[in-house]
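Here is the structure we will look at.
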Amino acid sequence: MHSIRLISFGYLHLPTDPTGRPIPPAADRVEDVRDRLRDPAAARDILDLDGFHPRVQDVVLNTLGARELIDNLVSYAMLPAGPHSIAIGCAGGRHRACALTEIAGQRVKELGREVVVEHMHAHLPRVLKRAAS
């Protein structure tokens, strides 16, 4: 089975199309978790951390719907003619998307598939609000 590329990103850091909509990275599946999972950045104790940190991963994992989403992503990644890439995006790319990508990547590796993980925006400062147009 070929390797799979898992990509985390932040919608607020992406280039936009002529209508102003963000252009997500090219992938076989793009998962937008902005409205699907509560933003863990609201928890002040993890505000300055990122999705690599175990505390952030724990908060994300225990968010309603996160475990089911990870199970679904892992199942999709393990399909016999599986995808080459999955991109997961949240608002800024530091908390939800990064943590989900790390957790899913580890699970897929444990199931025997080679995984390449790319975090497009996890290193960037937290986005406080959308820039004025």
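Residue numbering restarts at 1 in every chain; chains get A, B, ... in the order shown in the structure tokens, and ligands count up from 1 in that same order.
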- Message: For the structure I just gave you, how does DSSP split chain A - specifically, which residues are alpha helix (DSSP H)? Reply as number ranges by chain.
- Response: A: 54-61, 66-77, 96-110
- Message: Residues within 9 Å of region 32-45 of chain A, please, as an MDAnalysis selection string. Count only C-alpha atoms; anything in the same chain fewer than 5 positions from it doesn't count.
- Response: chainID A and resid 11 56 59:60 63:66 87:91 95:97 126
- Go ahead and compute the interatomic distance for CA of Ala26 (chain A) and CA of Gln57 (chain A), in Å to one decimal. 24.9 Å
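CA of Asp17 (chain A) to CA of Arg29 (chain A) spans 19.1 Å [interatomic distance, one decimal].
Computed from the coordinates, the CA of Val115 (chain A) to CA of Pro22 (chain A) distance equals 25.9 Å.
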- Residues flagged strand (DSSP E) by DSSP in chain A, as a PyMOL selection string: chain A and resi 4-10+29-32+85-90+115-119
Could those selected residues go to a file with N, CA and C atoms, as a short mmCIF file (atom, residue, chain, number, x, y, z; two decimals), in the first residue's frame?
data_model
loop_
_atom_site.label_atom_id
_atom_site.label_comp_id
_atom_site.auth_asym_id
_atom_site.auth_seq_id
_atom_site.Cartn_x
_atom_site.Cartn_y
_atom_site.Cartn_z
N ILE A 4 0.44 7.61 2.70
CA ILE A 4 -0.61 8.64 2.69
C ILE A 4 -0.04 9.91 3.29
N ARG A 5 -0.45 11.02 2.74
CA ARG A 5 -0.02 12.34 3.22
C ARG A 5 -1.19 12.95 3.99
N LEU A 6 -0.93 13.30 5.24
CA LEU A 6 -1.93 13.97 6.08
C LEU A 6 -1.47 15.42 6.27
N ILE A 7 -2.37 16.34 5.98
CA ILE A 7 -2.03 17.77 5.98
C ILE A 7 -2.95 18.51 6.94
N SER A 8 -2.37 19.30 7.83
CA SER A 8 -3.21 20.20 8.64
C SER A 8 -3.00 21.61 8.11
N PHE A 9 -4.06 22.41 8.21
CA PHE A 9 -3.96 23.79 7.73
C PHE A 9 -4.99 24.66 8.42
N GLY A 10 -4.81 25.97 8.28
CA GLY A 10 -5.75 26.94 8.81
C GLY A 10 -6.39 27.73 7.69
N ARG A 29 -9.37 14.11 0.12
CA ARG A 29 -10.46 14.48 1.04
C ARG A 29 -10.02 15.69 1.85
N VAL A 30 -10.88 16.70 1.90
CA VAL A 30 -10.62 17.88 2.72
C VAL A 30 -11.69 17.90 3.81
N GLU A 31 -11.25 17.89 5.05
CA GLU A 31 -12.16 17.89 6.19
C GLU A 31 -12.10 19.25 6.87
N ASP A 32 -13.21 19.96 6.85
CA ASP A 32 -13.32 21.27 7.48
C ASP A 32 -13.95 21.08 8.86
N SER A 85 -3.96 11.39 -0.04
CA SER A 85 -3.85 12.53 0.87
C SER A 85 -5.19 12.88 1.51
N ILE A 86 -5.09 13.38 2.73
CA ILE A 86 -6.23 13.90 3.48
C ILE A 86 -5.78 15.21 4.09
N ALA A 87 -6.57 16.26 3.92
CA ALA A 87 -6.26 17.56 4.51
C ALA A 87 -7.33 17.89 5.55
N ILE A 88 -6.88 18.38 6.70
CA ILE A 88 -7.79 18.72 7.80
C ILE A 88 -7.56 20.18 8.15
N GLY A 89 -8.63 20.98 8.08
CA GLY A 89 -8.50 22.40 8.33
C GLY A 89 -9.39 22.90 9.44
N CYS A 90 -8.86 23.83 10.22
CA CYS A 90 -9.64 24.56 11.21
C CYS A 90 -9.39 26.04 10.95
N VAL A 115 2.98 6.96 6.70
CA VAL A 115 2.31 8.26 6.78
C VAL A 115 3.34 9.38 6.67
N VAL A 116 3.01 10.37 5.86
CA VAL A 116 3.79 11.60 5.78
C VAL A 116 2.88 12.69 6.31
N VAL A 117 3.31 13.38 7.36
CA VAL A 117 2.50 14.43 7.98
C VAL A 117 3.09 15.79 7.63
N GLU A 118 2.21 16.70 7.23
CA GLU A 118 2.61 18.07 6.92
C GLU A 118 1.68 19.03 7.65
N HIS A 119 2.28 19.94 8.38
CA HIS A 119 1.51 20.97 9.09
C HIS A 119 1.82 22.31 8.43
#
